[in-house]
Amino acid sequence: MSLTQIFGESPLEKKLTMDKPVESRLDTTDSKLVGKPLTRIEGHLKVAGKATYTAEHQFDDLCHGVMVGATIGKGKVKKVHKDTALQVAGVIGVFHDPLFLRNPQQGGVKMAPVQGASEVFYHGQPIALVVAETLEAAQEGAKALKIDYENDEKHGHFDFNKQKNHTQFIDWVTDKSDDIGKPEKTLKQAEVKVDVTYTTPSQSNMPMEPHSSLARWFEDKLTLHTSNQMLASSKIQLAKALDIPEDNVRLLSPYVGGGFGSKLGISPESVMAAIAAKDLKRPVLVNMTRPQVMETTVRRTNTEQRVALGADKDGKIHTIIHNSIVTNLPSETFFEPVAVSTHFLYGGDNRQIKYEMARMNFTLTGSMRAPGEAVGQLALECAMDELAHTLKLCPIELRKRNEPSEDPSKKIPYSTRKLLACMEQGAKAFGWDERPQTPASRLDGDWLIGYGMACAARSNELKPSQARVSLLPSDKPLGVLARIETDMTDIGTGSYTIFAQVVADMLGLPIDHVEVKLGDTDLPPAAGSGGSWGASSAGSSIYLACEALREKIAQSVGLHADSIGFKQGNLYRQFEHDPSLAEKIGEKINHTLTDTLDKLAEKTGLNSEVSVDNHDNVLDWEQVDTQLPLSSFLQQYAPHGLVANGEIEPGKTKKEYRHAGYGAQFAEVGVHRVTGEIRVRRMLGTFAAGRILNEKTARSQCFGGMVFGIGAALMEQIHHDKRDGRLCNHDLAEYQVCVNADVPDLEVIMLPETDPYANPLHSKGIGELALSGAGAAIANAIFNATGVRVRDYPITLGKLL
Ligand code: MOS
């Protein structure tokens, strides 16, 4: 019997558009696995080297490509002398395809476009690919390749301090600006004000695994093993770049060693590998070097931010101005939405947010973890600290006095907002009342000690996402397994594990009875890992597929979907979660189910563990114990298994409510009074981000975010050469990121919260939330320790002396 014979043509589908708040079945499942601190289910594969990353694939006829980047900062490629590389033993191809040389203007692709241009726009821009039998030969060939340029650096823009006087207003994204009331006027009249300029440097995403692509062609179909965060849109991007039908492209990214935004779209090595592999009729692997990752993928823009706050003498803010200058290559449209959380973080009737773009001949700018908040809160949250200091108010008290009851710029309610609770609980746990009241007043040996805090806020997003979940017969102990399929990725964040938890809860199976297949564009398209929306969006589609399965199962045993439950591989009746339903139809359903289960047990000849029927006590199912193994159910109704699709899409709640996660960051620093050396001594973050799907992976995300904050406050900075824009520090020896010795004890407290306006899981994004405000808490602690306010990040010791 086929599935169609049993269930008819109608596919098992469940689509939800978030037009109103929804209930979550996760509140009423039996196993309550969601939330538990489960260890990553694929973790053992990773530590045992059994999780194969792109560059680790082996094919007999595999050849290696090495990218060659421009050695000028602006100009044109005149000639690529292919023979100079082809002379090197082992080199089999030199590619300088017009497709590499796409002008970003023609790209039309939003994130991380295929770079290269008919002109050279920046130093390091990919120009050619040298392919050889071995990696070493390709490296030699790349070194030998001679390229003639027409140098036009005299017309290049390599000095931000000059170029910031020639900016354009960013008016191509309208809803990112605010102009409410008369902010400049009210600022002038303010009893108390700060009006300051903060600067942040270019930063590099710096994922552990470099960008890497391995291309294989089967006739006119391309399979690309790659390291990518967002497969569905990247597939379209790559097909466009190669000018082939979308369906001829398959991307595989089952394991991704981090991305932090730099792998949201395809990067140049993908196109290059594809073109070379097609020509050579062999698999081609292009694995970037660390300098290439920094030079040819994306960077976070440097920023200059004016933050002006006007308040009355009681600390009631009436004016907030947050205007930013950001940078990108000529004609690129991406810009860092620096003030994205300034729209809604604090109250105030007069508000201005504006952006200006300075065109620089530097590496393309793009998303880097918490694009917007990460740098915007380095300014806003320090300006708040400056205002509190001026007012002689506790920074937490200042924020309490400016807690809005609704989004002050859009005048819409918050979905959920636990900012005050985060501050209060964080302050208590951190020991905030021990904070030195006066800056530069506490010494511990030669170390000046300071405390600082900052708020964290990060927009919460839901993106369209699809998934398939199957309930299949199996040789596992319970005779069934559930399989999740979606092209969603796990970039180290824990997707595999949390999705397995969702399904295990929804279908009442142990976690090892759930199989998770991710990272393959042949599977249903998901939102991908970006903007901290991945877990909620992909997770919701998985949840909905489980709901579809539940409905079909309930229907086949003659019950309402709310009247069945799943527990340890069994199907049972449940009423306790829906007393009204139980009252209304309890008697009838009670009979039906018992009949059905009894009959089923009889028919299948299996012990269905059907026992007493308790008519008097339908609400107490602990006593009733009428259950049927899911394996028996499948045997009877769907011997080949049941398949269902789930789909989520944002709806009216997106516009009608302000969605964000909130938190409070606390830091204690020591600053050496002689050398100015800065050490973070401890940090504590409190976060409210909806339902926590896995306490362990969520906490790890928070640790990662806070560590990113230490880097942003104290060390991360790209230095651009003012002569040609090249990255002076293009590797991990010179671009400093936190190492273990820089990271003190971190404490993370997650406040219980669920958000019914967000999605059916009631979860919010968490990874980027924990980065937001983290650096500002450190900067504020440095001020508290020293009395010196540094507004130019990173805060290095020279700036304190
Ligand atoms: Mo994140 S910057 O949205 O990958």
# chains A, B, ... in the order shown; residues from 1 in each chain; ligands from 1
>>> residues_near_ligand(ligand="ligand 1", cutoff="9 Å", atoms="only C-alpha atoms and all ligand atoms", output="VMD selection string")
chain A and resid 205 229 to 230 258 to 264 366 to 371 529 to 533 767 to 768
>>> write_last_selection(atoms="C-alpha atoms", output="mmCIF file, in the first residue's frame")
data_model
loop_
_atom_site.group_PDB
_atom_site.id
_atom_site.type_symbol
_atom_site.label_atom_id
_atom_site.label_comp_id
_atom_site.auth_asym_id
_atom_site.auth_seq_id
_atom_site.Cartn_x
_atom_site.Cartn_y
_atom_site.Cartn_z
ATOM 1 C CA ASN A 205 34.908 38.296 10.486
ATOM 2 C CA GLN A 229 25.820 30.031 5.944
ATOM 3 C CA MET A 230 22.779 30.534 3.735
ATOM 4 C CA GLY A 258 32.081 29.542 11.468
ATOM 5 C CA GLY A 259 31.162 32.426 9.233
ATOM 6 C CA PHE A 260 30.131 35.430 11.340
ATOM 7 C CA GLY A 261 28.420 36.874 8.282
ATOM 8 C CA SER A 262 31.276 36.474 5.808
ATOM 9 C CA LYS A 263 29.675 33.323 4.409
ATOM 10 C CA LEU A 264 26.115 34.648 4.004
ATOM 11 C CA GLY A 366 29.336 43.307 4.526
ATOM 12 C CA SER A 367 27.660 41.728 7.471
ATOM 13 C CA MET A 368 29.762 40.827 10.438
ATOM 14 C CA ARG A 369 28.205 39.396 13.574
ATOM 15 C CA ALA A 370 25.402 41.700 14.833
ATOM 16 C CA PRO A 371 25.742 44.073 11.896
ATOM 17 C CA SER A 529 22.229 30.893 9.428
ATOM 18 C CA GLY A 530 22.193 34.665 9.515
ATOM 19 C CA GLY A 531 20.907 37.506 11.608
ATOM 20 C CA SER A 532 20.389 35.132 14.541
ATOM 21 C CA TRP A 533 17.149 34.055 12.863
ATOM 22 C CA GLY A 767 24.082 34.756 19.439
ATOM 23 C CA GLU A 768 24.353 38.313 18.232
#
>>> residues_around(residues="Pro794 in chain A", least_positions_apart="5", cutoff="7 Å", atoms="only C-alpha atoms", output="list in words")
Ala712, Ala713, Leu714, Met715, Glu716 and Gln717 of chain A
>>> write_last_selection(atoms="C-alpha atoms", output="PDB file, in the first residue's frame")
ATOM      1  CA  ALA A 712      35.806  44.892  19.709  1.00  0.00           C
ATOM      2  CA  ALA A 713      36.569  46.953  22.799  1.00  0.00           C
ATOM      3  CA  LEU A 714      40.259  46.204  23.117  1.00  0.00           C
ATOM      4  CA  MET A 715      41.930  44.748  20.057  1.00  0.00           C
ATOM      5  CA  GLU A 716      40.228  44.083  16.742  1.00  0.00           C
ATOM      6  CA  GLN A 717      41.222  46.564  14.048  1.00  0.00           C
TER       7      GLN A 717
END
>>> residues_around(residues="His389 in chain A", least_positions_apart="5", cutoff="12 Å", atoms="only C-alpha atoms", output="PDB file with C-alpha atoms, in the first residue's frame")
ATOM      1  CA  VAL A 192      21.928  68.286  30.415  1.00  0.00           C
ATOM      2  CA  LYS A 193      23.478  66.896  27.279  1.00  0.00           C
ATOM      3  CA  VAL A 194      26.260  64.911  25.732  1.00  0.00           C
ATOM      4  CA  GLY A 315      17.627  62.406  33.672  1.00  0.00           C
ATOM      5  CA  CYS A 382      28.880  54.670  26.222  1.00  0.00           C
ATOM      6  CA  ALA A 383      27.076  57.936  25.526  1.00  0.00           C
ATOM      7  CA  MET A 384      24.418  56.777  28.011  1.00  0.00           C
ATOM      8  CA  CYS A 394      23.708  55.348  38.389  1.00  0.00           C
ATOM      9  CA  PRO A 395      23.744  54.188  34.748  1.00  0.00           C
ATOM     10  CA  ILE A 396      21.045  51.648  35.536  1.00  0.00           C
ATOM     11  CA  GLU A 397      18.868  54.304  37.163  1.00  0.00           C
ATOM     12  CA  LEU A 398      19.240  56.525  34.095  1.00  0.00           C
ATOM     13  CA  GLN A 437      31.178  55.606  42.810  1.00  0.00           C
ATOM     14  CA  THR A 438      33.920  57.921  41.582  1.00  0.00           C
ATOM     15  CA  PRO A 439      36.119  57.108  38.577  1.00  0.00           C
ATOM     16  CA  GLY A 452      30.909  49.127  33.775  1.00  0.00           C
ATOM     17  CA  ASN A 780      32.506  52.040  30.577  1.00  0.00           C
ATOM     18  CA  PHE A 783      36.268  54.957  32.318  1.00  0.00           C
ATOM     19  CA  ASN A 784      35.200  53.970  35.820  1.00  0.00           C
ATOM     20  CA  GLY A 787      38.453  58.562  34.554  1.00  0.00           C
ATOM     21  CA  ARG A 789      36.959  58.365  28.230  1.00  0.00           C
TER      22      ARG A 789
END
>>> select_by_dssp(residues="range 23-83 of chain A", states="strand (DSSP E)", output="JSON, numbers by chain")
{"A": [63, 64, 65, 66, 67, 68, 69, 75, 76, 77, 78, 79, 80, 81]}
>>> closest_residue(among="A:Thr493, A:Ser233, A:Ser24, A:Gln574", to="Pro756 in chain A", atoms="only C-alpha atoms")
A:Ser24
>>> closest_residue(among="A:Leu634, A:Glu461, A:Gly265, A:Val669", to="Asp444 in chain A", atoms="only C-alpha atoms")
A:Val669
>>> atom_distance(atom1="CA of Val557 in chain A", atom2="CA of Gly646 in chain A")
21.7 Å
>>> residues_around(residues="range 41-48 of chain A", least_positions_apart="5", cutoff="10 Å", atoms="only C-alpha atoms", output="ChimeraX atom specification")
/A:53,255,492,494-498,500-501,511-512,515-516
>>> write_last_selection(atoms="C-alpha atoms", output="CSV table (one decimal), in the first residue's frame")
chain,number,residue,atom,x,y,z
A,53,TYR,CA,34.6,19.9,5.8
A,255,TYR,CA,29.6,21.4,8.2
A,492,GLY,CA,28.9,25.7,14.9
A,494,GLY,CA,24.1,23.9,17.4
A,495,SER,CA,21.4,23.7,14.7
A,496,TYR,CA,21.7,19.9,14.5
A,497,THR,CA,21.0,19.5,18.2
A,498,ILE,CA,18.3,22.0,18.7
A,500,ALA,CA,16.6,17.2,17.0
A,501,GLN,CA,15.3,18.4,20.4
A,511,ILE,CA,17.0,12.2,20.9
A,512,ASP,CA,18.8,9.3,19.3
A,515,GLU,CA,18.2,12.0,12.3
A,516,VAL,CA,19.1,15.5,11.1
>>> residues_around(residues="His659 in chain A", least_positions_apart="5", cutoff="7 Å", atoms="only C-alpha atoms", output="PDB file with N, CA and C atoms, in the first residue's frame")
ATOM      1  N   TYR A 414       6.044  46.591  22.081  1.00  0.00           N
ATOM      2  CA  TYR A 414       7.084  45.575  22.034  1.00  0.00           C
ATOM      3  C   TYR A 414       6.414  44.210  22.085  1.00  0.00           C
ATOM      4  N   SER A 415       6.987  43.233  21.423  1.00  0.00           N
ATOM      5  CA  SER A 415       6.447  41.872  21.587  1.00  0.00           C
ATOM      6  C   SER A 415       6.686  41.478  23.033  1.00  0.00           C
ATOM      7  N   SER A 459      17.698  43.163  17.296  1.00  0.00           N
ATOM      8  CA  SER A 459      16.450  42.887  16.585  1.00  0.00           C
ATOM      9  C   SER A 459      16.254  41.400  16.405  1.00  0.00           C
ATOM     10  N   ASN A 460      15.037  40.962  16.615  1.00  0.00           N
ATOM     11  CA  ASN A 460      14.721  39.553  16.419  1.00  0.00           C
ATOM     12  C   ASN A 460      13.943  39.405  15.117  1.00  0.00           C
TER      13      ASN A 460
END
